[in-house]
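Student: Input query-v4.txt, format and content: compact mmCIF, C-alpha atoms.
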# COMPACT_ATOMS: atom_id res chain seq x y z
CA MET A 1 22.45 152.14 49.40
CA ASP A 2 20.45 154.27 47.04
CA LEU A 3 22.22 157.14 45.34
CA THR A 4 20.34 160.15 44.00
CA VAL A 5 23.41 162.28 43.28
CA CYS A 6 26.95 161.28 42.34
CA PRO A 7 29.18 161.21 45.44
CA LEU A 8 32.12 162.32 43.30
CA CYS A 9 30.84 165.18 41.13
CA GLY A 10 27.40 165.86 42.62
CA SER A 11 25.52 165.25 39.36
CA PRO A 12 21.86 164.28 39.75
CA SER A 13 22.15 162.19 36.55
CA ILE A 14 23.44 159.08 38.35
CA ARG A 15 21.60 155.90 37.34
CA LYS A 16 21.16 152.46 38.90
CA LYS A 17 22.22 149.65 36.55
CA LYS A 18 22.92 145.93 36.57
CA GLY A 19 25.62 144.04 34.69
CA VAL A 20 28.98 142.28 34.50
CA HIS A 21 32.26 144.10 35.02
CA GLN A 22 35.81 143.21 34.13
CA PHE A 23 38.88 143.82 36.25
CA ASN A 24 42.52 143.48 35.29
CA VAL A 25 44.12 140.89 37.59
CA LEU A 26 47.76 140.04 37.00
CA GLY A 27 47.47 141.32 33.42
CA GLU A 28 44.39 139.25 32.60
CA LEU A 29 40.77 140.40 32.42
CA ARG A 30 38.50 138.68 34.91
CA SER A 31 34.70 138.97 34.80
CA THR A 32 32.45 139.39 37.78
CA PRO A 33 28.98 137.96 38.24
CA VAL A 34 26.06 140.25 37.41
CA VAL A 35 25.93 142.97 40.06
CA GLN A 36 23.91 146.09 40.74
CA TYR A 37 25.81 149.38 40.57
CA TRP A 38 25.40 153.10 40.02
CA GLU A 39 26.95 154.87 37.05
CA CYS A 40 27.39 158.60 36.63
CA PRO A 41 27.26 159.78 33.00
CA SER A 42 28.76 163.13 34.00
CA CYS A 43 32.08 161.88 35.42
CA ASN A 44 31.94 158.23 34.19
CA GLU A 45 32.47 156.89 37.71
CA ILE A 46 30.92 153.62 38.85
CA PHE A 47 29.88 152.88 42.43
CA PHE A 48 29.22 149.43 43.89
CA ASP A 49 27.17 148.75 47.00
CA ARG A 50 28.21 146.36 49.78
CA GLU A 51 26.48 143.33 48.23
CA ALA A 52 28.11 143.93 44.83
CA ASN A 53 31.52 144.27 46.51
CA ARG A 54 30.95 140.97 48.32
CA LYS A 55 30.12 139.20 45.04
CA ILE A 56 33.11 140.77 43.28
CA ASP A 57 35.47 139.79 46.10
CA ALA A 58 34.20 136.19 46.03
CA ALA A 59 34.63 135.98 42.25
CA LEU A 60 38.16 137.40 42.29
CA LEU A 61 39.44 135.74 45.49
CA PRO A 62 41.22 132.84 43.73
CA ASP A 63 43.15 135.37 41.64
CA ARG A 64 44.15 137.39 44.70
CA VAL A 65 45.30 134.28 46.56
CA ALA A 66 47.26 133.16 43.49
CA ALA A 67 49.03 136.51 43.27
CA ARG A 68 49.90 136.47 46.96
CA GLU A 69 51.14 132.87 46.95
CA GLY A 70 52.78 132.95 43.52
CA LEU A 71 50.52 130.17 42.22
CA SER A 72 48.42 129.96 39.06
CA ARG A 73 44.65 130.37 39.23
CA ARG A 74 44.27 126.72 38.21
CA GLN A 75 46.48 125.62 41.15
CA ILE A 76 44.43 127.69 43.59
CA VAL A 77 41.11 126.30 42.30
CA ARG A 78 42.49 122.74 42.53
CA LYS A 79 43.76 123.43 46.06
CA LYS A 80 40.33 124.76 47.08
CA LYS A 81 38.52 121.72 45.67
CA GLU A 82 40.91 119.36 47.46
CA SER A 83 40.32 121.10 50.79
CA GLN A 84 36.54 120.89 50.33
CA THR A 85 36.64 117.12 49.71
CA ALA A 86 39.03 116.40 52.60
Can the structure in the file be given as structure tokens, please?
Tutor:
Amino acid sequence: MDLTVCPLCGSPSIRKKKGVHQFNVLGELRSTPVVQYWECPSCNEIFFDREANRKIDAALLPDRVAAREGLSRRQIVRKKKESQTA
């Protein structure tokens, strides 16, 4: 994916960048790994490519599982470690 114009507003000012992003998960800020993305200075929208979305999903998966199962993040991480050693 290589954007030359913003898919939202059509601005040619869109720029490729790299960095960490934060998402609000269950009222807490969670950081992602460093990912490549495109940012439009005209409409302030950010666009992630498929690889960035994969990395973000992997980083936030324990939080999503915790929310679905009503468990804490710590419980989910412990549960994952136990299943990997079994």
Student: Could you state the separation of CA of Pro41 (chain A) and CA of Cys9 (chain A) in Å, given to one decimal place?
Tutor: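 Atom-to-atom, CA of Pro41 (chain A) to CA of Cys9 (chain A), that is 10.4 Å.
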Student: Take CA of Glu51 (chain A) and CA of Gly19 (chain A) and report the distance between them in Å, one decimal.
Tutor: 13.6 Å
Student: Output, as JSON, the centre and edge lengths in Å (one decimal) of the axis-aligned box that contains all listed atoms of region 53-60 of chain A with 3 Å of margin on each side.
Tutor:
{"center_x": 34.1, "center_y": 140.1, "center_z": 45.3, "size_x": 14.0, "size_y": 14.3, "size_z": 12.1}
Student: With a distance cut-off of 9 Å and only C-alpha atoms, select the neighbouring residues of Arg15 (chain A), excluding the residue or stretch itself and same-chain residues fewer than 5 positions from it, and output the selection as a list of chain:residue names.
Tutor: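 Close residues of Arg15 (chain A): A:Leu3, A:Thr4, A:Val5, A:Tyr37, A:Trp38, A:Glu39, A:Cys40, A:Pro41.
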Student: For the atom pair CA of Val25 (chain A) and CA of Leu8 (chain A), what is the interatomic distance in Å to one decimal place?
Tutor: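 Spanning CA of Val25 (chain A) to CA of Leu8 (chain A) is a straight-line distance of 25.2 Å.
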Student: Nearest residue to Ala58 (chain A) out of A:Asn24, A:Thr85, A:Ser31, A:Ser13, using all atoms listed in the file?
Tutor: A:Ser31
Student: Of the candidates A:Val20, A:Leu29, A:Ile14, A:Leu61, which one gets nearest to Ser42 (chain A) if we count all atoms listed in the file?
Tutor: A:Ile14
Student: Return the single residue from A:Lys55, A:Cys43, A:Glu82, A:Gln75 that is closest to Pro12 (chain A), with distances computed using all atoms listed in the file.
Tutor: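 Checking each of A:Lys55, A:Cys43, A:Glu82, A:Gln75 against Pro12 (chain A), counting all atoms listed in the file, the winner is A:Cys43.
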Student: For Gln36 (chain A), which residue out of A:Lys18, A:Lys81, A:Arg68, A:Arg50 is the nearest one, using only C-alpha atoms?
Tutor: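 Residue with the minimum atom-to-atom distance to Gln36 (chain A): A:Lys18.
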Student: Mind listing as a compact mmCIF listing (two decimals) with C-alpha atoms, in the coordinates of the input all residues within 6 Å of (22.6, 150.8, 46.4), counting all atoms listed in the file?
Tutor:
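out11.txt written:
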# COMPACT_ATOMS: atom_id res chain seq x y z
CA MET A 1 22.45 152.14 49.40
CA ASP A 2 20.45 154.27 47.04
CA ASP A 49 27.17 148.75 47.00
Student: With only C-alpha atoms as the atoms that count, which of A:Phe47, A:Lys79, A:Ile56, A:Lys17 lies nearest to Pro33 (chain A)?
Tutor: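 Between A:Phe47, A:Lys79, A:Ile56, A:Lys17, the residue approaching Pro33 (chain A) most closely is A:Ile56.
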Student: For Ile46 (chain A), which of A:Lys16, A:Glu28, A:Gly10, A:Val77 is the closest residue, counting all atoms listed in the file?
Tutor: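 That would be A:Lys16, the residue with the smallest distance to Ile46 (chain A).
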